[in-house]
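Dumped structure-v7.pdb below, it's PDB, C-alpha atoms, pLDDT in the B column:
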```
ATOM      1  CA  MET A   1       0.000   0.000   0.000  1.00 56.00           C
ATOM      2  CA  ALA A   2       1.307   3.470  -0.865  1.00 67.00           C
ATOM      3  CA  ASP A   3       2.229   5.900   1.867  1.00 79.00           C
ATOM      4  CA  PRO A   4      -0.544   8.385   2.652  1.00 81.00           C
ATOM      5  CA  PRO A   5      -0.083  11.875   1.204  1.00 94.00           C
ATOM      6  CA  ARG A   6       1.884  14.281   3.369  1.00 96.00           C
ATOM      7  CA  VAL A   7      -0.040  17.435   4.274  1.00 97.00           C
ATOM      8  CA  ALA A   8       1.479  20.595   5.704  1.00 98.00           C
ATOM      9  CA  VAL A   9      -0.795  23.065   7.454  1.00 98.00           C
ATOM     10  CA  VAL A  10       0.356  26.666   7.042  1.00 98.00           C
ATOM     11  CA  ILE A  11      -0.941  29.307   9.444  1.00 98.00           C
ATOM     12  CA  VAL A  12      -0.156  33.000   9.000  1.00 98.00           C
ATOM     13  CA  ASN A  13      -0.099  34.747  12.341  1.00 98.00           C
ATOM     14  CA  LEU A  14      -0.299  38.440  13.140  1.00 98.00           C
ATOM     15  CA  ASN A  15      -1.071  39.047  16.815  1.00 98.00           C
ATOM     16  CA  ALA A  16      -3.486  36.109  16.965  1.00 97.00           C
ATOM     17  CA  GLY A  17      -1.947  34.507  20.034  1.00 96.00           C
ATOM     18  CA  ALA A  18      -5.279  34.280  21.834  1.00 97.00           C
ATOM     19  CA  TYR A  19      -6.603  31.925  19.127  1.00 97.00           C
ATOM     20  CA  LEU A  20      -3.579  29.731  18.475  1.00 98.00           C
ATOM     21  CA  PRO A  21      -3.985  27.251  21.382  1.00 97.00           C
ATOM     22  CA  ARG A  22      -7.482  26.330  20.199  1.00 96.00           C
ATOM     23  CA  THR A  23      -6.243  26.065  16.603  1.00 97.00           C
ATOM     24  CA  PHE A  24      -3.357  23.781  17.629  1.00 98.00           C
ATOM     25  CA  ASP A  25      -5.718  21.680  19.784  1.00 97.00           C
ATOM     26  CA  SER A  26      -7.973  21.270  16.747  1.00 97.00           C
ATOM     27  CA  LEU A  27      -5.037  20.128  14.636  1.00 98.00           C
ATOM     28  CA  ALA A  28      -3.923  17.671  17.337  1.00 97.00           C
ATOM     29  CA  ALA A  29      -7.417  16.127  17.271  1.00 98.00           C
ATOM     30  CA  GLN A  30      -7.373  15.414  13.523  1.00 97.00           C
ATOM     31  CA  THR A  31      -8.173  11.826  12.520  1.00 97.00           C
ATOM     32  CA  VAL A  32      -5.415  12.254   9.932  1.00 95.00           C
ATOM     33  CA  PRO A  33      -2.778  14.481  11.499  1.00 96.00           C
ATOM     34  CA  PRO A  34      -0.763  16.909   9.398  1.00 98.00           C
ATOM     35  CA  ALA A  35       2.798  15.874   8.596  1.00 98.00           C
ATOM     36  CA  ARG A  36       3.919  19.412   9.363  1.00 98.00           C
ATOM     37  CA  THR A  37       2.427  22.499  10.957  1.00 98.00           C
ATOM     38  CA  ILE A  38       4.115  25.727   9.904  1.00 98.00           C
ATOM     39  CA  VAL A  39       3.350  29.108  11.442  1.00 98.00           C
ATOM     40  CA  VAL A  40       4.567  32.135   9.522  1.00 98.00           C
ATOM     41  CA  ASP A  41       4.606  35.034  11.940  1.00 98.00           C
ATOM     42  CA  ASN A  42       4.227  38.489  10.395  1.00 98.00           C
ATOM     43  CA  ALA A  43       6.175  40.358  13.114  1.00 98.00           C
ATOM     44  CA  SER A  44       3.579  39.959  15.863  1.00 98.00           C
ATOM     45  CA  GLY A  45       3.908  42.139  18.924  1.00 97.00           C
ATOM     46  CA  ASP A  46       1.630  40.109  21.210  1.00 98.00           C
ATOM     47  CA  GLY A  47       4.212  37.520  22.288  1.00 97.00           C
ATOM     48  CA  SER A  48       2.628  34.779  20.190  1.00 97.00           C
ATOM     49  CA  PRO A  49       5.846  33.672  18.441  1.00 98.00           C
ATOM     50  CA  GLN A  50       7.542  33.198  21.811  1.00 97.00           C
ATOM     51  CA  ALA A  51       4.514  31.268  23.106  1.00 97.00           C
ATOM     52  CA  VAL A  52       4.484  29.015  20.040  1.00 97.00           C
ATOM     53  CA  ARG A  53       8.192  28.292  20.438  1.00 97.00           C
ATOM     54  CA  ARG A  54       7.770  27.568  24.166  1.00 97.00           C
ATOM     55  CA  ARG A  55       4.484  25.604  24.188  1.00 97.00           C
ATOM     56  CA  TYR A  56       4.449  23.900  20.775  1.00 97.00           C
ATOM     57  CA  PRO A  57       7.947  22.587  19.965  1.00 96.00           C
ATOM     58  CA  ASP A  58       6.642  20.460  17.071  1.00 96.00           C
ATOM     59  CA  VAL A  59       5.241  23.519  15.289  1.00 98.00           C
ATOM     60  CA  GLU A  60       7.678  25.016  12.817  1.00 98.00           C
ATOM     61  CA  LEU A  61       7.919  28.771  13.242  1.00 98.00           C
ATOM     62  CA  ILE A  62       9.057  31.174  10.556  1.00 98.00           C
ATOM     63  CA  GLU A  63       9.494  34.582  12.173  1.00 98.00           C
ATOM     64  CA  LEU A  64       9.516  37.590   9.876  1.00 98.00           C
ATOM     65  CA  ASP A  65      11.060  40.889  10.901  1.00 97.00           C
ATOM     66  CA  ARG A  66       8.220  42.860   9.309  1.00 98.00           C
ATOM     67  CA  ASN A  67       4.630  42.346   8.248  1.00 98.00           C
ATOM     68  CA  THR A  68       4.950  41.117   4.661  1.00 96.00           C
ATOM     69  CA  GLY A  69       1.186  40.748   4.243  1.00 95.00           C
ATOM     70  CA  PHE A  70      -1.065  37.715   4.299  1.00 94.00           C
ATOM     71  CA  ALA A  71      -0.441  36.451   0.763  1.00 93.00           C
ATOM     72  CA  ALA A  72       3.351  36.820   0.900  1.00 95.00           C
ATOM     73  CA  ALA A  73       3.480  35.049   4.271  1.00 97.00           C
ATOM     74  CA  ASN A  74       1.351  32.185   2.923  1.00 96.00           C
ATOM     75  CA  ASN A  75       3.692  31.905  -0.058  1.00 96.00           C
ATOM     76  CA  LEU A  76       6.679  31.608   2.304  1.00 98.00           C
ATOM     77  CA  GLY A  77       4.901  28.853   4.210  1.00 98.00           C
ATOM     78  CA  VAL A  78       4.016  26.984   1.031  1.00 98.00           C
ATOM     79  CA  ARG A  79       7.626  27.153  -0.163  1.00 98.00           C
ATOM     80  CA  ALA A  80       8.782  25.804   3.210  1.00 98.00           C
ATOM     81  CA  ALA A  81       6.431  22.832   2.753  1.00 98.00           C
ATOM     82  CA  ALA A  82       7.927  21.726  -0.563  1.00 97.00           C
ATOM     83  CA  ASP A  83       8.426  18.177   0.743  1.00 97.00           C
ATOM     84  CA  CYS A  84       4.673  17.705   1.229  1.00 97.00           C
ATOM     85  CA  ASP A  85       2.111  16.504  -1.302  1.00 96.00           C
ATOM     86  CA  TRP A  86      -0.553  18.978  -0.181  1.00 96.00           C
ATOM     87  CA  VAL A  87      -0.624  22.251   1.703  1.00 97.00           C
ATOM     88  CA  ALA A  88      -3.647  23.330   3.715  1.00 97.00           C
ATOM     89  CA  LEU A  89      -3.891  27.044   4.465  1.00 96.00           C
ATOM     90  CA  LEU A  90      -5.561  27.698   7.798  1.00 96.00           C
ATOM     91  CA  ASN A  91      -6.322  30.995   9.506  1.00 94.00           C
ATOM     92  CA  PRO A  92      -5.272  31.243  13.152  1.00 96.00           C
ATOM     93  CA  ASP A  93      -8.881  31.825  14.197  1.00 92.00           C
ATOM     94  CA  ALA A  94     -10.124  28.681  12.412  1.00 91.00           C
ATOM     95  CA  PHE A  95     -10.781  25.554  14.435  1.00 93.00           C
ATOM     96  CA  PRO A  96     -11.177  22.578  12.108  1.00 94.00           C
ATOM     97  CA  ALA A  97     -13.371  19.635  13.042  1.00 93.00           C
ATOM     98  CA  PRO A  98     -11.525  16.369  13.737  1.00 97.00           C
ATOM     99  CA  GLY A  99     -12.258  14.935  10.278  1.00 96.00           C
ATOM    100  CA  TRP A 100     -11.177  18.030   8.342  1.00 95.00           C
ATOM    101  CA  LEU A 101      -7.906  16.780   6.843  1.00 96.00           C
ATOM    102  CA  GLU A 102      -9.301  13.298   6.330  1.00 96.00           C
ATOM    103  CA  ALA A 103     -12.199  14.758   4.307  1.00 95.00           C
ATOM    104  CA  LEU A 104      -9.871  16.954   2.256  1.00 94.00           C
ATOM    105  CA  LEU A 105      -7.666  13.974   1.435  1.00 95.00           C
ATOM    106  CA  ALA A 106     -10.748  11.931   0.486  1.00 95.00           C
ATOM    107  CA  ALA A 107     -11.703  14.732  -1.916  1.00 94.00           C
ATOM    108  CA  THR A 108      -8.242  14.570  -3.511  1.00 94.00           C
ATOM    109  CA  ARG A 109      -8.747  10.862  -4.201  1.00 94.00           C
ATOM    110  CA  GLU A 110     -12.277  11.370  -5.538  1.00 95.00           C
ATOM    111  CA  LYS A 111     -11.258  14.264  -7.806  1.00 94.00           C
ATOM    112  CA  PRO A 112      -7.656  13.527  -8.834  1.00 92.00           C
ATOM    113  CA  GLY A 113      -7.761  16.105 -11.637  1.00 93.00           C
ATOM    114  CA  HIS A 114      -8.318  18.959  -9.204  1.00 90.00           C
ATOM    115  CA  SER A 115      -5.404  20.915  -7.774  1.00 88.00           C
ATOM    116  CA  PHE A 116      -7.077  22.724  -4.871  1.00 84.00           C
ATOM    117  CA  PHE A 117     -10.028  22.290  -2.547  1.00 85.00           C
ATOM    118  CA  GLY A 118     -11.945  24.456  -0.113  1.00 80.00           C
ATOM    119  CA  SER A 119     -13.645  23.801   3.180  1.00 80.00           C
ATOM    120  CA  ARG A 120     -17.083  24.648   4.448  1.00 73.00           C
ATOM    121  CA  MET A 121     -16.631  27.397   7.020  1.00 71.00           C
ATOM    122  CA  LEU A 122     -18.946  27.536  10.004  1.00 70.00           C
ATOM    123  CA  SER A 123     -19.195  30.286  12.578  1.00 66.00           C
ATOM    124  CA  ALA A 124     -17.091  29.560  15.667  1.00 69.00           C
ATOM    125  CA  ARG A 125     -19.884  31.001  17.834  1.00 74.00           C
ATOM    126  CA  GLU A 126     -22.853  29.426  16.037  1.00 73.00           C
ATOM    127  CA  ARG A 127     -21.718  26.035  14.738  1.00 69.00           C
ATOM    128  CA  ASP A 128     -24.904  25.545  12.704  1.00 74.00           C
ATOM    129  CA  ARG A 129     -24.402  28.812  10.779  1.00 71.00           C
ATOM    130  CA  ILE A 130     -22.300  28.981   7.624  1.00 69.00           C
ATOM    131  CA  ASP A 131     -19.649  31.682   7.976  1.00 70.00           C
ATOM    132  CA  GLY A 132     -19.162  32.099   4.265  1.00 67.00           C
ATOM    133  CA  LEU A 133     -18.961  30.316   0.966  1.00 66.00           C
ATOM    134  CA  GLY A 134     -15.446  31.451   0.193  1.00 68.00           C
ATOM    135  CA  ASP A 135     -14.023  34.486  -1.482  1.00 73.00           C
ATOM    136  CA  CYS A 136     -14.475  35.856  -4.964  1.00 78.00           C
ATOM    137  CA  TYR A 137     -11.588  37.371  -6.875  1.00 79.00           C
ATOM    138  CA  HIS A 138     -11.779  39.761  -9.797  1.00 80.00           C
ATOM    139  CA  VAL A 139      -9.092  40.078 -12.452  1.00 84.00           C
ATOM    140  CA  SER A 140      -8.492  43.627 -11.159  1.00 85.00           C
ATOM    141  CA  GLY A 141      -7.284  42.206  -7.856  1.00 77.00           C
ATOM    142  CA  LEU A 142     -10.403  43.126  -5.884  1.00 79.00           C
ATOM    143  CA  SER A 143     -11.815  40.449  -3.632  1.00 79.00           C
ATOM    144  CA  TRP A 144     -14.966  40.077  -1.583  1.00 78.00           C
ATOM    145  CA  ARG A 145     -16.676  37.534   0.618  1.00 72.00           C
ATOM    146  CA  ARG A 146     -19.087  35.227  -1.193  1.00 70.00           C
ATOM    147  CA  GLU A 147     -22.274  35.099   0.862  1.00 65.00           C
TER     148      GLU A 147
END
```
Once you've parsed the file, please lay out its structure as structure tokens.
Amino acid sequence: MADPPRVAVVIVNLNAGAYLPRTFDSLAAQTVPPARTIVVDNASGDGSPQAVRRRYPDVELIELDRNTGFAAANNLGVRAAADCDWVALLNPDAFPAPGWLEALLAATREKPGHSFFGSRMLSARERDRIDGLGDCYHVSGLSWRRE
């Protein structure tokens, strides 16, 4: 049997230290754990990089000396995960259900011609309410939340 695909989870952090423990707990509860968890810190001033280093030694931390922006930081994380088959981008205030990565990997097997997948996002406060249906992007560079 072939080895399961390796998945890296990339989290861009900017002063989101209050959310990170719950995010890491959610990742630890995955039925299929990530091969790597990479936090790209955009020069946070809330002590979160130090807390990650101290409390989560298995989390890889890329500390930037300035805020490069969300997209650039994600790109750095993706490049760092070059040894993985898939990269899952996760916001620091997202708390995935235990079957999240398992479901994403099942989707990759069911749709092998697809190169990226999205997740259903539910409100953290009201778990039966959809938070959004993703983002829309215009060729001009404008983006907005799809309702």
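Of the residues listed (A:Leu104, A:Ala28, A:Ser48, A:Glu63), A:Leu104 shows the shortest atom-to-atom separation from Phe117 (chain A); distances use all atoms listed in the file.
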Given the PyMOL selection byres ((chain A and resi 40) around 12) and the file above, list the residues it selects as a PyMOL selection string. chain A and resi 9-16+37-39+41-44+48-49+52+59-81+89-92
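Shortest separation to Tyr56 (chain A) among A:Gly141, A:Pro112, A:Gly99, A:Pro21 occurs at residue A:Pro21, atoms counted being only C-alpha atoms.
Of note, CA of His114 (chain A) and CA of Ala8 (chain A) are spaced 17.9 Å apart.
Distance-wise, CA of Glu102 (chain A) and CA of Gly118 (chain A) end up 13.2 Å apart.
From CA of Gly17 (chain A) back to CA of Gln50 (chain A), the distance works out to 9.7 Å.
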Within 10 Å of Pro4 (chain A), counting only C-alpha atoms, which residues qualify if same-chain residues fewer than 3 places away don't, as a list of chain:residue names?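 Neighbouring residues, sequence-local ones excluded: A:Met1, A:Val7, A:Val32, A:Asp85, A:Leu105.
Shortest separation to Val87 (chain A) among A:Asp128, A:Ala35, A:Leu142, A:Ala107 occurs at residue A:Ala35, atoms counted being only C-alpha atoms.
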For each of A:Asp83, A:Pro96, A:Asp25, A:Thr108, take the minimum atom-to-atom distance to Arg120 (chain A), counting only C-alpha atoms, then give the residue where this is smallest.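 Nearest to Arg120 (chain A): A:Pro96.
Minimum distance to Cys84 (chain A) across A:Pro34, A:Ser143, A:Ser26, A:Asp135 (counting all atoms listed in the file) occurs at A:Pro34.
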Kindly provide, as AutoDock Vina command-line options, the centre and edge lengths (Å, one decimal) of an axis-aligned box around all atoms of region 137-142 of chain A given in the file, with 8 Å on each side.
```
--center_x -9.5 --center_y 40.5 --center_z -9.2 --size_x 20.5 --size_y 22.3 --size_z 22.6
```
